[in-house]
Each structure stands twice: as C-alpha cells, then as structure tokens.
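Report on the following structure.
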Amino acid sequence: MKFKLSTAYQELCQSTDKETSLERENRFYAGIIIYFLIAGSIISTVASIFLLHAELNRAITDGFCLVAFAVAFWVSSIFIKMERIKMYFFSAILFALLLFTVSNYYYLIGPSVWTISFLLGVITLIYSKKAMIIIYSISNLIITLFMWNELRNFSDWTSFYIAQTIIILMLFFAFYYVFKITKSRQQVIYDQFDELYISEEKMYSTLLSVGDGVITVGIEGNVQIVNPVAETLTGWTQDAARGLPVESVFKIINEYTREEVKSPIKLVFETEEIVQLANHTLLISRDGTESAVEDTAAPIRDKSGKMIGCILVFRDFSEKKERQKQIEYLSFHDQLTGLYNRRYFEDELSRIDTKRNLPLTIIYADVNGLKIINDAFGHEKGDQLIMMVADSLKAVCRTDDVIARVGGDEFIILLPKIDKASAEILEKRIKETIDQIDIMDIHISVSLGWDTKALESDSALFVLKNAEDLMYQRKIINSDSKRNGIIKAILQTLQNKCPGEEAHSNRVRQLCEKTGKVYQLSDEEINELSILGTLHDIGKIAVDKSILNKAGVLSDSEWAQIKSHPETGFRLLGSTSEFNSLAQDVLAHHEKWDGTGYPKGLKGEAISWKARVIAVADAYDAMTSDRPYRPAYSQEYAINEIRRNAGTQFDPDIAKVFIEQVIGGVS
C-alpha cells in the first residue's frame with residue numbers, strides 16, 4: 001500500500017463529506033498504525049533481548065505478532081472495499097492488539113496498558129460510532145479485571161514509569177493531531193457554510209429577480225419560495241403561500257373542458273423527470289382571475305443525486321397565445337374581408353371531399369369592373385366594393401359553407417350536401433343580392449360559374465375547374481356591356497361631383513363636331529370625335545373634388561393630381577371595347593405641339609390628330625367659361641391666346657382652321 005502520511009493528514013483535515021471522511025480516516029489511521037506496529041515490533045524485540053534480557057524465542061515471537069497485526073491492517077486496507085466494513089475490521093484488529101499487549105507485556109509495563117487502552121479509545125471516539133464505543137468499553141472492562149488480579153504481583157515500577165512516559169507522549173501526540181484535525185475540519189465546515197450561505201443568497205436573489213414565475217417545493221410537496229412574478233400570477237404572497245400544499249397555490253384547469261389538470265409537480269415526484277405543462281392550460285389565481293400559462297417543472301437534487309424537492313417555472317402565456325391566434329387567423333383568412341384565403345380553401349377542399357358531404361357544389365365568382373372602380377375612385381373604393389360583395393355572400397350562404405377569397409376579385413364557395421337544383425336557386429339569390437349593391441351610384445355585378453360533384457369517383461379538382469371555366473365564359477360574354485355601362489356611370493358621377501364638367505364636356509363635344517365637319521370627316525369619324533369631346537376629362541373622377549372646385553392657386557401636389565387625369569382616363573377607356581379606340585387620344589389631349597406637354601412629352605405629328613383637336617377645343621372653352629379660380633375671358637382674348645400659342649402649344653393648322661372656320665374669328 002502506497003502511503004504518504006503528510007498527504008493523508010492534509011486530506012483528512014480538509015474532509016467534511018461523510019463517505020469521503022470515512023475513507024480518508026481509514027487510510028490515515030491504518031497507515032500510521034502500520035508504521036507504529038512495525039517500529040514497535042523492532043523496538044520491543046531489541047529492548048526485550050538487550051535491556052530486559054527476555055528469552056530470545058519469546059522476544060522474536062512477540063515482535064512477529066506485532067508485524068502480523070501490521071500485515072492484517074495492510075491486507076484489510078487493500079482488499080476490503082466497503083469503508084464501513086473496513087472501519088469495523090480495523091476496530092477488531094485494534095482491540096485484539098490491545099488484548100495481546102495486556103496479556104504479553106503486562107509483566108513489563110504494568111498499569112501502563114490502561115494508558116494504551118485510553119489512547120485507542122481516543123481513536124475510537126474520533127469515529128464516534130456507537131458500536132465501536134461499546135466494543136472499546138467491553139475490552140477496557142476486560143483489561144481492568146485482568147489488571148485487578150495482576151496488579152498485586154507487579155514489581156517492575158521502573159519499566160512502568162518508562163513505558164508510561166512513552167505512552168503519555170504518544171497520547172499527547174494523538175490528542176494534538178486529533179485537535180488539529182478537528183479544528184481544520186471545523187474551519188473547512190465554516191468556510192463551506194459561508195460559501196453555501198452566499199450561494200443560497202445568490203440563488204434566492206436570482207429566483208426573486210427572474211422574469212418568470214418561480215415556485216419551489218420541498219420533498220413533502222409544500223411551498224417554500226414564491227418569487228414576485230409568481231405572486232402576481234397566483235395572487236398568493238410568499239408569506240401566505242409558504243408551507244401550503246402546492247395545489248392550493250398553483251391551481252390549473254383545461255381551457256376547453258374546464259377540468260382540473262394534474263399538477264406537474266406531482267408528475268415530477270412520481271417520475272423524477274422534467275415535466276412540461278400541456279397546452280390549453282389556465283392558471284386560476286387566488287381572486288379567480290384566469291391566465292393562460294406555460295411551464296416546466298423539474299426535480300431538485302442534492303450532490304448524491306437524491307431528489308430533495310421540485311422547482312416550477314411558469315409564465316403568462318396569454319399575450320403570446322393571442323399573437324399565435326392572430327398569426328394562425330391571418331394564415332387562413334383574407335385580411336380585407338375576413339373570409340378564408342386560398343391556403344385554407346385548398347386544405348378544406350381536401351378535408352371536405354368525402355362521401356358524407358356529397359353532393360358537393362363549388363361556386364366560382366368574379367366581381368365585374370373592380371379594376372375600373374380602382375382606377376376611377378381609388379383602391380379604397382375598390383376595397384369597399386370587395387367587402388360589400390363578401391358581406392353579401394355571407395348573408396346568402398349557410399354558416400357551414402366555406403367562402404374564400406382566392407384572388408383580388410375572385411371568390412370560391414364550397415357547399416357540402418348541395419345538389420344542382422339547390423345550387424341554381426343559390427346562384428339566383430347571390431345575383432339578386434349583389435345586384436342591389438352600388439358604389440358611387442354604379443351598380444355592381446358578379447360573374448358566376450358552378451359545378452357539382454355527385455359521385456365519390458368524381459374529382460373535386462375537376463369540378464372546381466369546370467366552375468372556373470363556366471365563370472370565365474359568362475364573364476367574357478357580359479364583360480363589354482358591363483364595363484361600358486360602368487364608364488357611362490363614372491361619367492355621370494363626375495358630372496355630379498363637379499357640376500361645371502357636364503356643360504364643359506358638352507361644349508367641347510359641339511366644338512369637336514364642328515371641327516370634324518369643317519375637315520369634312522365621315523359621320524362615323526365625327527361621332528368618334530364627338531364622343532371623345534364628351535369623355536376627354538373622364539380621368540378627373542380620380543381627382544379630389546376639393547381640388548377640382550378650388551378657387552385659389554393649386555399646390556404642387558394638387559397640380560400633380562390634376563396632371564394625372566389623362567392617364568386615369570386612358571386606363572378606364574382602355575378596359576372597354578366600345579371606347580378602347582379613344583383611350584390613346586384621351587391620354588394625349590394635354591400634349592403640346594412643341595413637346596412640352598404631359599404625360600409623355602410627345603411632339604408634333606407624334607400626337608394623334610384627334611388629341612390635337614381636343615387640345616384646342618378644350619383650351620378655348622376653358623378660357624371662355626367661368627372657372628372657380630377666375631371669371632370667363634372674352635372670345636377675343638381666347639382667339640388671341642390660341643393664335644399666339646399656335647406652333648408651340650397647338651397644331652398651327654388646326655388652330656388656324658378652328659379660329660377662322662369653327663368659331664368664326666377674324667384672321
């Protein structure tokens with residue numbers, strides 16, 4: 001056995017853990033006793049032969065016995081692995097050694113064996129084991145009885161005093177080291193206590209300052225610590241909750257069933273594993289307030305791994321849960337109308353496509369004229385139109401029907417257990433309801449297509465495709481007349497919005513007709529020019545009414561709105577078959593002959609002829625009519641302005657013909 005006394009001593013002084021201390025005590029005392037026994041065997045043998053003149057055989061035998069005791073200590077230290085058994089084995093050897101000493105050396109040292117017994121008692125007391133003290137007491141009683149009988153026969157008091165002196169020195173040595181070991185251990189324990197106290201204070205401060213609710217529970221299941229966040233969520237203060245069963249403080253129920261949920265702390269005590277709270281759990285506070293919570297419960301273990309309690313960490317999940325609901329809602333709903341979106345429709349079509357939902361009807365709907373409404377009145381009015389259509393669909397359909405907005409102006413309706421006859425009736429009701437919608441005095445319509453899945457073997461996707469195709473066929477057939485009607489309605493709305501516009505467009509129309517006749521155009525061409533005069537300012541429908549009727553000077557942003565009306569008019573007329581040919585002329589009617597006009601800056605012949613005619617007629621009527629920002633100019637003033645700007649703003653030939661032949665001015 002490799003043994004270094006100084007190292008064993010230092011380790012023993014630093015040891016406080018129960019099992020570790022026992023191991024180090026066994027090492028230290030086994031090692032020191034082995035050394036003493038070997039040294040004692042040598043010294044006793046030499047002293048017995050040369051000083052006490054004992055028999056050689058007996059001296060050698062006694063020395064050999066002491067060596068045997070040393071070997072017994074060494075063997076037990078090596079081969080006995082359990083420290084408690086090793087401790088009792090050492091005790092047995094020590095007391096056997098004590099009895100051996102009494103029986104073999106009493107004639108030399110006499111009552112000094114009492115001191116030896118006391119020395120071994122000191123070692124026994126270090127272990128502080130009840131069984132060892134009993135063994136020691138019995139052994140000491142045997143020695144006392146033995147000495148009571150032999151004390152009268154003892155006469156070598158000189159040897160007694162020598163032995164007693166040596167043993168007292170050894171006893172002093174033992175007491176000294178026991179004192180040092182005890183003092184060192186005590187200091188280590190104090191230091192560890194300070195560290196533990198500081199650590200606990202830090203842990204407690206951490207638990208109090210953490211952003212989540214924290215409740216710690218002892219092994220018996222009663223509350224120990226409730227941090228401020230937990231106080232707020234549970235309604236229980238630290239003082240009121242301490243010592244109560246955790247179920248009294250942390251009451252949880254299922255959000256949907258309203259049934260009590262088993263405490264996660266109980267599950268931890270049962271499984272000794274980390275447990276997470278199930279979803280849809282509500283915490284009922286002391287005053288009855290309910291909060292959605294999420295939590296984790298975990299075991300608290302000591303150094304040996306033994307479970308000594310549980311910690312519950314939880315947080316208010318209400319806000320996060322609400323955000324999740326909003327995200328989930330937005331992922332399946334159209335933000336504008338609140339209807340389902342395409343993603344939800346596709347998922348729902350797969351789910352609802354079952355035998356028990358047959359016959360399954362699918363209606364495809366498309367709002368007519370949405371683009372024109374957006375161009376004419378802005379996207380706000382277009383959004384309003386979509387919402388009005390969505391509300392109409394919801395009013396007509398059943399609660400269980402699935403209505404989804406799958407595009408800007410497209411809707412799909414899933415109708416489980418609706419046959420063809422019922423679908424025809426529903427289609428009629430949808431049309432009648434939407435026909436009652438008008439926006440800015442414009443009547444709205446939708447194009448509808450539908451098909452029904454009657455057999456389980458039919459494909460729902462094929463039925464959907466049939467409904468979409470039928471809708472587009474109907475839309476193509478009716479689109480031109482509907483869009484043309486919307487254009488006329490927009491023109492009427494503009495004239496209502498700005499009363500002077502109707503008179504202005506009529507006068508420009510008449511001037512255009514006269515100009516066409518002067519140029520000897522065909523009746524069809526004159527008619528086109530006349531319509532162009534009526535519609536040339538239709539793009540002003542998108543300009544704010546306050547700007548059109550403003551009496552003062554326009555700001556840059558207001559002027560920008562005014563200058564956008566040719567492009568708006570182009571988009572509106574370009575979407576119809578009846579007025580499509582006039583769209584380019586409306587777009588160019590504010591271009592100038594020298595290229596300084598808008599919106600494209602076209603120059604000379606690049607500007608369409610009809611647009612050049614409109615430019616002159618429009619400018620003449622604007623000058624000779626009252627405007628919000630000024631009274632009308634005289635005809636002479638207007639003629640002079642047209643003549644002055646011929647070749648720059650106006651086509652010089654058209655300007656000349658207009659002055660001389662259309663309005664009869666002097667050349």
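Ordered as shown in the structure tokens, chains take letters A, B, and onward, while each chain numbers its residues from 1 and ligands are numbered from 1 in the order shown.
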
- Message: Residues of range 271-519 of chain A classed as helix (DSSP H, G or I) by DSSP on the backbone are to be reported as a PyMOL selection string.
- Response: chain A and resi 271+318-332+342-352+355-357+370-377+379-396+420-435+460-497+500-518

- Near-range 643-646 of chain A list (8 Å; only C-alpha atoms; drop same-chain fewer than 3 positions) as a ChimeraX atom specification: /A:639-640,649-652,655-656,659

- Task: Could you give me, as a PyMOL selection string, the residues within 8 Å of Pro264 in chain A, counting only C-alpha atoms and dropping anything in the same chain fewer than 4 positions from it?
- Result: chain A and resi 268+275-277+296-297

- Message: I'd like to know which residues of range 336-582 of chain A are strand (DSSP E or B) (by DSSP, run on the backbone); could you write them as JSON, numbers by chain?
- Response: {"A": [340, 360, 361, 362, 363, 364, 365, 366, 367, 402, 403, 404, 405, 410, 411, 412, 413, 414, 415, 416, 438, 439, 442, 443, 446, 447, 448, 449, 450, 451, 452, 453]}

Would you output that residue set with N, CA and C atoms, as a JSON list (two decimals), in the first residue's frame?
```
[["chain", "number", "residue", "atom", "x", "y", "z"],
["A", 340, "TYR", "N", -62.09, 33.24, -45.59],
["A", 340, "TYR", "CA", -60.94, 32.35, -45.71],
["A", 340, "TYR", "C", -60.13, 32.70, -46.95],
["A", 360, "LEU", "N", -71.39, 17.65, -53.53],
["A", 360, "LEU", "CA", -70.55, 18.80, -53.17],
["A", 360, "LEU", "C", -70.54, 19.79, -54.32],
["A", 361, "THR", "N", -71.06, 20.98, -54.08],
["A", 361, "THR", "CA", -71.13, 22.01, -55.11],
["A", 361, "THR", "C", -70.07, 23.07, -54.86],
["A", 362, "ILE", "N", -69.46, 23.52, -55.96],
["A", 362, "ILE", "CA", -68.45, 24.58, -55.89],
["A", 362, "ILE", "C", -68.90, 25.73, -56.78],
["A", 363, "ILE", "N", -68.98, 26.93, -56.20],
["A", 363, "ILE", "CA", -69.33, 28.14, -56.95],
["A", 363, "ILE", "C", -68.11, 29.03, -57.06],
["A", 364, "TYR", "N", -67.82, 29.46, -58.29],
["A", 364, "TYR", "CA", -66.70, 30.37, -58.56],
["A", 364, "TYR", "C", -67.30, 31.73, -58.94],
["A", 365, "ALA", "N", -66.91, 32.80, -58.27],
["A", 365, "ALA", "CA", -67.47, 34.14, -58.50],
["A", 365, "ALA", "C", -66.36, 35.14, -58.78],
["A", 366, "ASP", "N", -66.63, 36.06, -59.73],
["A", 366, "ASP", "CA", -65.67, 37.10, -60.06],
["A", 366, "ASP", "C", -66.40, 38.43, -60.13],
["A", 367, "VAL", "N", -65.88, 39.44, -59.41],
["A", 367, "VAL", "CA", -66.52, 40.76, -59.37],
["A", 367, "VAL", "C", -66.22, 41.50, -60.67],
["A", 402, "VAL", "N", -68.19, 27.15, -46.84],
["A", 402, "VAL", "CA", -66.85, 27.74, -46.82],
["A", 402, "VAL", "C", -66.75, 28.77, -47.94],
["A", 403, "ILE", "N", -66.60, 30.05, -47.55],
["A", 403, "ILE", "CA", -66.45, 31.13, -48.53],
["A", 403, "ILE", "C", -65.01, 31.62, -48.45],
["A", 404, "ALA", "N", -64.33, 31.62, -49.59],
["A", 404, "ALA", "CA", -62.92, 32.01, -49.60],
["A", 404, "ALA", "C", -62.68, 33.05, -50.69],
["A", 405, "ARG", "N", -61.86, 34.04, -50.34],
["A", 405, "ARG", "CA", -61.39, 34.98, -51.36],
["A", 405, "ARG", "C", -60.05, 34.47, -51.86],
["A", 410, "GLU", "N", -61.80, 37.50, -56.98],
["A", 410, "GLU", "CA", -62.35, 36.16, -57.15],
["A", 410, "GLU", "C", -62.70, 35.53, -55.80],
["A", 411, "PHE", "N", -63.83, 34.83, -55.79],
["A", 411, "PHE", "CA", -64.31, 34.14, -54.60],
["A", 411, "PHE", "C", -64.69, 32.71, -54.98],
["A", 412, "ILE", "N", -64.51, 31.79, -54.03],
["A", 412, "ILE", "CA", -64.96, 30.41, -54.22],
["A", 412, "ILE", "C", -65.80, 30.03, -53.01],
["A", 413, "ILE", "N", -66.91, 29.33, -53.29],
["A", 413, "ILE", "CA", -67.79, 28.87, -52.21],
["A", 413, "ILE", "C", -67.88, 27.35, -52.27],
["A", 414, "LEU", "N", -67.56, 26.69, -51.15],
["A", 414, "LEU", "CA", -67.71, 25.23, -51.04],
["A", 414, "LEU", "C", -69.04, 24.95, -50.35],
["A", 415, "LEU", "N", -69.87, 24.15, -51.01],
["A", 415, "LEU", "CA", -71.21, 23.89, -50.50],
["A", 415, "LEU", "C", -71.43, 22.39, -50.34],
["A", 416, "PRO", "N", -71.12, 21.85, -49.16],
["A", 416, "PRO", "CA", -71.37, 20.41, -48.95],
["A", 416, "PRO", "C", -72.86, 20.12, -48.89],
["A", 438, "ASP", "N", -74.52, 49.14, -54.92],
["A", 438, "ASP", "CA", -73.98, 50.19, -55.80],
["A", 438, "ASP", "C", -72.96, 50.97, -55.01],
["A", 439, "ILE", "N", -71.96, 51.45, -55.73],
["A", 439, "ILE", "CA", -70.90, 52.24, -55.13],
["A", 439, "ILE", "C", -70.66, 53.44, -56.02],
["A", 442, "ILE", "N", -72.87, 53.48, -58.97],
["A", 442, "ILE", "CA", -72.59, 52.50, -60.02],
["A", 442, "ILE", "C", -73.06, 51.14, -59.53],
["A", 443, "HIS", "N", -73.93, 50.47, -60.27],
["A", 443, "HIS", "CA", -74.42, 49.16, -59.89],
["A", 443, "HIS", "C", -73.35, 48.11, -60.14],
["A", 446, "VAL", "N", -71.60, 40.40, -60.51],
["A", 446, "VAL", "CA", -70.57, 39.37, -60.48],
["A", 446, "VAL", "C", -70.87, 38.34, -61.56],
["A", 447, "SER", "N", -69.81, 37.73, -62.04],
["A", 447, "SER", "CA", -69.96, 36.60, -62.97],
["A", 447, "SER", "C", -69.81, 35.33, -62.16],
["A", 448, "LEU", "N", -70.74, 34.38, -62.33],
["A", 448, "LEU", "CA", -70.76, 33.16, -61.54],
["A", 448, "LEU", "C", -70.65, 31.93, -62.42],
["A", 449, "GLY", "N", -69.95, 30.93, -61.90],
["A", 449, "GLY", "CA", -69.89, 29.62, -62.53],
["A", 449, "GLY", "C", -69.90, 28.56, -61.44],
["A", 450, "TRP", "N", -70.54, 27.41, -61.70],
["A", 450, "TRP", "CA", -70.61, 26.39, -60.65],
["A", 450, "TRP", "C", -70.69, 25.00, -61.27],
["A", 451, "ASP", "N", -70.35, 24.03, -60.45],
["A", 451, "ASP", "CA", -70.49, 22.63, -60.85],
["A", 451, "ASP", "C", -70.65, 21.81, -59.58],
["A", 452, "THR", "N", -71.18, 20.59, -59.73],
["A", 452, "THR", "CA", -71.48, 19.74, -58.58],
["A", 452, "THR", "C", -70.81, 18.39, -58.72],
["A", 453, "LYS", "N", -70.17, 17.94, -57.64],
["A", 453, "LYS", "CA", -69.63, 16.58, -57.57],
["A", 453, "LYS", "C", -70.71, 15.69, -56.97]]
```

- Task: Using only C-alpha atoms, pick whichever of A:Leu336, A:Val293, A:Asn227, A:Glu641 has the shortest atom-to-atom distance to Glu380 in chain A.
- Result: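 Of all the options, A:Leu336 lies closest to Glu380 in chain A.
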
- Query: What is the CA of Asn496 in chain A-CA of Lys540 in chain A distance in Å, reported with one decimal?
  - Reply: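 Computed distance, CA of Asn496 in chain A to CA of Lys540 in chain A, equals 12.1 Å.
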
- Message: Excluding Ala39 in chain A and its own-chain neighbours fewer than 5 positions away, which residues fall within 12 Å of it when counting only C-alpha atoms? Please give them as an MDAnalysis selection string.
- Response: chainID A and resid 32:34 44:46 63:64 66:67 70

Saved selection, atoms kept: C-alpha atoms, as a CSV table (one decimal), in the first residue's frame:
```csv
chain,number,residue,atom,x,y,z
A,32,ILE,CA,0.0,5.4,11.0
A,33,ILE,CA,-0.8,2.2,13.0
A,34,ILE,CA,1.1,0.1,10.4
A,44,SER,CA,10.2,-4.2,21.6
A,45,THR,CA,12.2,-7.1,20.2
A,46,VAL,CA,15.5,-5.3,20.7
A,63,GLY,CA,7.8,-8.9,17.6
A,64,PHE,CA,6.5,-11.3,14.9
A,66,LEU,CA,3.2,-7.1,16.1
A,67,VAL,CA,4.3,-7.4,12.5
A,70,ALA,CA,0.6,-4.6,10.8
```

Residue contacts of range 209-219 of chain A (7 Å, only C-alpha atoms) excluding same-chain residues fewer than 3 positions away, as a tab-separated table (two decimals) with N, CA and C atoms, in the first residue's frame:
```tsv
chain	number	residue	atom	x	y	z
A	205	SER	N	-31.79	35.35	-4.55
A	205	SER	CA	-31.90	36.63	-5.27
A	205	SER	C	-32.22	36.40	-6.73
A	206	THR	N	-31.59	35.37	-7.32
A	206	THR	CA	-31.85	35.05	-8.72
A	206	THR	C	-33.31	34.65	-8.92
A	222	ASN	N	-44.87	20.83	-0.12
A	222	ASN	CA	-45.32	22.14	0.36
A	222	ASN	C	-44.45	23.25	-0.22
A	223	VAL	N	-45.06	24.42	-0.37
A	223	VAL	CA	-44.39	25.56	-0.99
A	223	VAL	C	-43.30	26.10	-0.08
A	224	GLN	N	-42.13	26.41	-0.67
A	224	GLN	CA	-41.03	27.02	0.07
A	224	GLN	C	-40.78	28.46	-0.37
A	225	ILE	N	-40.68	28.67	-1.68
A	225	ILE	CA	-40.38	30.01	-2.22
A	225	ILE	C	-41.40	30.34	-3.30
A	226	VAL	N	-41.90	31.59	-3.27
A	226	VAL	CA	-42.75	32.13	-4.33
A	226	VAL	C	-42.14	33.47	-4.73
A	227	ASN	N	-41.63	33.59	-5.95
A	227	ASN	CA	-40.99	34.85	-6.34
A	227	ASN	C	-42.05	35.89	-6.72
A	229	VAL	N	-42.95	37.48	-9.42
A	229	VAL	CA	-43.76	37.23	-10.62
A	229	VAL	C	-44.82	36.17	-10.32
A	230	ALA	N	-44.42	35.12	-9.60
A	230	ALA	CA	-45.38	34.08	-9.22
A	230	ALA	C	-46.44	34.64	-8.28
A	308	ILE	N	-34.67	16.11	-3.63
A	308	ILE	CA	-34.99	16.75	-2.35
A	308	ILE	C	-36.09	17.81	-2.49
A	309	GLY	N	-36.61	17.96	-3.71
A	309	GLY	CA	-37.66	18.95	-3.91
A	309	GLY	C	-37.95	19.12	-5.39
A	310	CYS	N	-38.68	20.19	-5.71
A	310	CYS	CA	-39.08	20.44	-7.10
A	310	CYS	C	-39.14	21.94	-7.32
A	311	ILE	N	-38.82	22.36	-8.53
A	311	ILE	CA	-38.94	23.77	-8.90
A	311	ILE	C	-39.88	23.89	-10.09
A	312	LEU	N	-40.80	24.84	-10.01
A	312	LEU	CA	-41.79	25.09	-11.05
A	312	LEU	C	-41.52	26.47	-11.63
A	313	VAL	N	-41.27	26.54	-12.93
A	313	VAL	CA	-41.04	27.81	-13.62
A	313	VAL	C	-42.17	27.99	-14.63
A	314	PHE	N	-42.89	29.11	-14.54
A	314	PHE	CA	-44.04	29.32	-15.43
A	314	PHE	C	-44.13	30.79	-15.81
A	315	ARG	N	-44.85	31.03	-16.90
A	315	ARG	CA	-45.00	32.41	-17.40
A	315	ARG	C	-46.42	32.60	-17.94
```

- Message: Calculated over only C-alpha atoms, which of the candidates A:Asp469, A:Ala460, A:Glu578, A:Lys610 has the smallest distance to Leu529 in chain A?
- Response: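 Comparing A:Asp469, A:Ala460, A:Glu578, A:Lys610 against Leu529 in chain A, the winner is A:Lys610.
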
If we count only C-alpha atoms and set the cut-off at 12 Å, which residues sit around Gln335 in chain A, ignoring sequence neighbours fewer than 2 positions away in its own chain? Please answer as a compact mmCIF listing (two decimals) with N, CA and C atoms, in the first residue's frame.
```
# COMPACT_ATOMS: atom_id res chain seq x y z
N GLN A 326 -53.68 35.22 -33.64
CA GLN A 326 -53.75 36.20 -34.72
C GLN A 326 -52.96 35.73 -35.94
N ILE A 327 -51.78 35.17 -35.67
CA ILE A 327 -50.96 34.66 -36.78
C ILE A 327 -51.67 33.52 -37.48
N GLU A 328 -52.26 32.63 -36.67
CA GLU A 328 -52.99 31.50 -37.25
C GLU A 328 -54.20 32.00 -38.04
N TYR A 329 -54.88 33.02 -37.48
CA TYR A 329 -56.04 33.58 -38.18
C TYR A 329 -55.61 34.18 -39.53
N LEU A 330 -54.53 34.97 -39.50
CA LEU A 330 -54.06 35.62 -40.73
C LEU A 330 -53.56 34.61 -41.75
N SER A 331 -53.04 33.49 -41.27
CA SER A 331 -52.53 32.49 -42.21
C SER A 331 -53.65 31.78 -42.95
N PHE A 332 -54.88 31.85 -42.42
CA PHE A 332 -56.00 31.16 -43.07
C PHE A 332 -57.12 32.11 -43.49
N HIS A 333 -56.97 33.41 -43.25
CA HIS A 333 -58.03 34.35 -43.57
C HIS A 333 -57.52 35.49 -44.44
N THR A 337 -61.38 41.06 -46.04
CA THR A 337 -62.78 40.68 -45.88
C THR A 337 -63.05 39.81 -44.66
N GLY A 338 -62.01 39.19 -44.10
CA GLY A 338 -62.22 38.25 -43.01
C GLY A 338 -62.65 36.87 -43.49
N LEU A 339 -62.83 36.70 -44.80
CA LEU A 339 -63.15 35.39 -45.35
C LEU A 339 -61.90 34.51 -45.34
N TYR A 340 -62.09 33.24 -45.59
CA TYR A 340 -60.94 32.35 -45.71
C TYR A 340 -60.13 32.70 -46.95
N ASN A 341 -58.82 32.34 -46.93
CA ASN A 341 -57.97 32.60 -48.08
C ASN A 341 -57.75 31.32 -48.90
N ASP A 383 -61.62 48.40 -52.43
CA ASP A 383 -61.67 47.54 -51.23
C ASP A 383 -63.07 47.54 -50.63
N ILE A 386 -65.17 45.16 -52.61
CA ILE A 386 -64.88 43.75 -52.28
C ILE A 386 -65.54 43.36 -50.97
N MET A 387 -65.48 44.24 -49.98
CA MET A 387 -66.08 43.93 -48.68
C MET A 387 -67.60 43.84 -48.78
N ALA A 404 -64.33 31.62 -49.59
CA ALA A 404 -62.92 32.01 -49.60
C ALA A 404 -62.68 33.05 -50.69
N ARG A 405 -61.86 34.04 -50.34
CA ARG A 405 -61.39 34.98 -51.36
C ARG A 405 -60.05 34.47 -51.86
N VAL A 406 -60.00 34.06 -53.11
CA VAL A 406 -58.81 33.40 -53.64
C VAL A 406 -58.02 34.27 -54.59
N GLY A 408 -57.77 38.80 -56.19
CA GLY A 408 -58.18 40.17 -55.96
C GLY A 408 -59.67 40.37 -56.08
```

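For the residues A:Ile434, A:Leu282, A:Leu521, A:Ile373, ranking by smallest atom-to-atom distance to Ala395 in chain A using only C-alpha atoms places A:Ile434 first.
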
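CA of Glu346 in chain A sits 20.9 Å away from CA of Ala423 in chain A.
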